[in-house]
Amino acid sequence: MKGAAGQVKTRDVTFSGQNSSSGTDLSAAIAAALDWWQQAGVDLDYDDAARDWLAGAAPAATAEPAPPVLVLAPKPPPPPAPRIGGEPGTWPTDHAAFVQWWLSEPLLDNGQVFARVAPRGPREAPIMVLVDHPEAGDSDRLLSGEEGKLLDAILRAIGIEPDQAYVASVLPRHMPLPDWDGLAAGGLGELALHHVVLAAPQRLITFGKHVSSLLGNDPAKSADPARHFYQVGAGIPALAAPALGTLMARPRGKAGLWRALLDWQGA
């Protein structure tokens, strides 16, 4: 509502140069004025001057630092596996002692000593036969099954009685699926060579590519797997033949072995 010039009229009081309601309390006048402005929709105070509303306020929360990255150190390599048969310096240097050691030494086969089969035949034999492992049914005699029968026939064909030959294996018991790479890394080749040196044969036939490889022969150098002639130890002539089981499964291989034997004996 508007009053006369120079006046602002409220519900209960009129503001001008002087207070026109002499009996009205000043506080009541102020309350009435505020009530009027609230009814007019003005309930906030405005100021054109800039003001820092954040002054004195608590600092804004900052993001927590990322946790430190945990870097795991690589695991140390496992300790090397014990050498097959222990250190070479501990191996028996006497043939008879070696045969007993072959049957009882735990380090030859991860602590297992059962089902081992000893080599057979005389030392310094005209020929030594070295195979990968005993047959599945062997107990008292090495190669007592079908492979042994084939070996006896081969020996007789070259004029040697079976009991005159020295027959041994590079593993002390029957193992259907040996880890040949692991065995070679464990020193099985050195142990096999040590055995050959103690047996001191005049000649050596190895049956199976893994056996000849342990003694340093590389079958990949020849296209004919039956004609592998090499030297073992101190000049022992050796012939690398297919495994006896392979010859039994592939009869044509017997003819190739026979030709190799004739060439080898004539050399």
# chains A, B, ... in the order shown; residues from 1 in each chain; ligands from 1
>>> residues_around(residues="Gly216 of chain A", least_positions_apart="6", cutoff="12 Å", atoms="only C-alpha atoms", output="ChimeraX atom specification")
/A:184,188-190,192-193,206,209-210,228-233,238,240
>>> closest_atom_pairs(of="segment 156-190 of chain A", to="segment 108-122 of chain A", cutoff="8 Å", atoms="only C-alpha atoms", output="Markdown table")
| residue | atom | partner | partner_atom | distance |
| --- | --- | --- | --- | --- |
| A:Asp163 | CA | A:Gly121 | CA | 6.0 |
| A:Gln164 | CA | A:Gly121 | CA | 6.3 |
| A:Ala165 | CA | A:Gly121 | CA | 5.6 |
| A:Tyr166 | CA | A:Gly121 | CA | 4.2 |
| A:Val167 | CA | A:Arg120 | CA | 5.4 |
| A:Ala168 | CA | A:Pro119 | CA | 4.4 |
| A:Ser169 | CA | A:Pro119 | CA | 7.0 |
| A:Pro172 | CA | A:Arg116 | CA | 5.0 |
| A:Arg173 | CA | A:Arg116 | CA | 4.5 |
| A:His174 | CA | A:Ala115 | CA | 7.7 |
>>> select_by_dssp(residues="segment 103-159 of chain A", states="strand (DSSP E or B)", output="NGL selection string")
:A and (120 or 128-131)
>>> write_last_selection(atoms="C-alpha atoms", output="short mmCIF file (atom, residue, chain, number, x, y, z; two decimals), in the first residue's frame")
data_model
loop_
_atom_site.label_atom_id
_atom_site.label_comp_id
_atom_site.auth_asym_id
_atom_site.auth_seq_id
_atom_site.Cartn_x
_atom_site.Cartn_y
_atom_site.Cartn_z
CA ARG A 120 73.89 -110.53 -15.30
CA MET A 128 77.77 -106.18 -23.37
CA VAL A 129 74.06 -105.55 -23.96
CA LEU A 130 72.56 -102.38 -22.51
CA VAL A 131 68.78 -101.80 -22.55
#
>>> select_by_dssp(residues="segment 128-177 of chain A", states="helix (DSSP H, G or I)", output="ChimeraX atom specification")
/A:146-157,162-164
>>> closest_residue(among="A:Ala255, A:Leu143, A:Ala125, A:Leu198", to="Pro92 of chain A", atoms="only C-alpha atoms")
A:Leu198
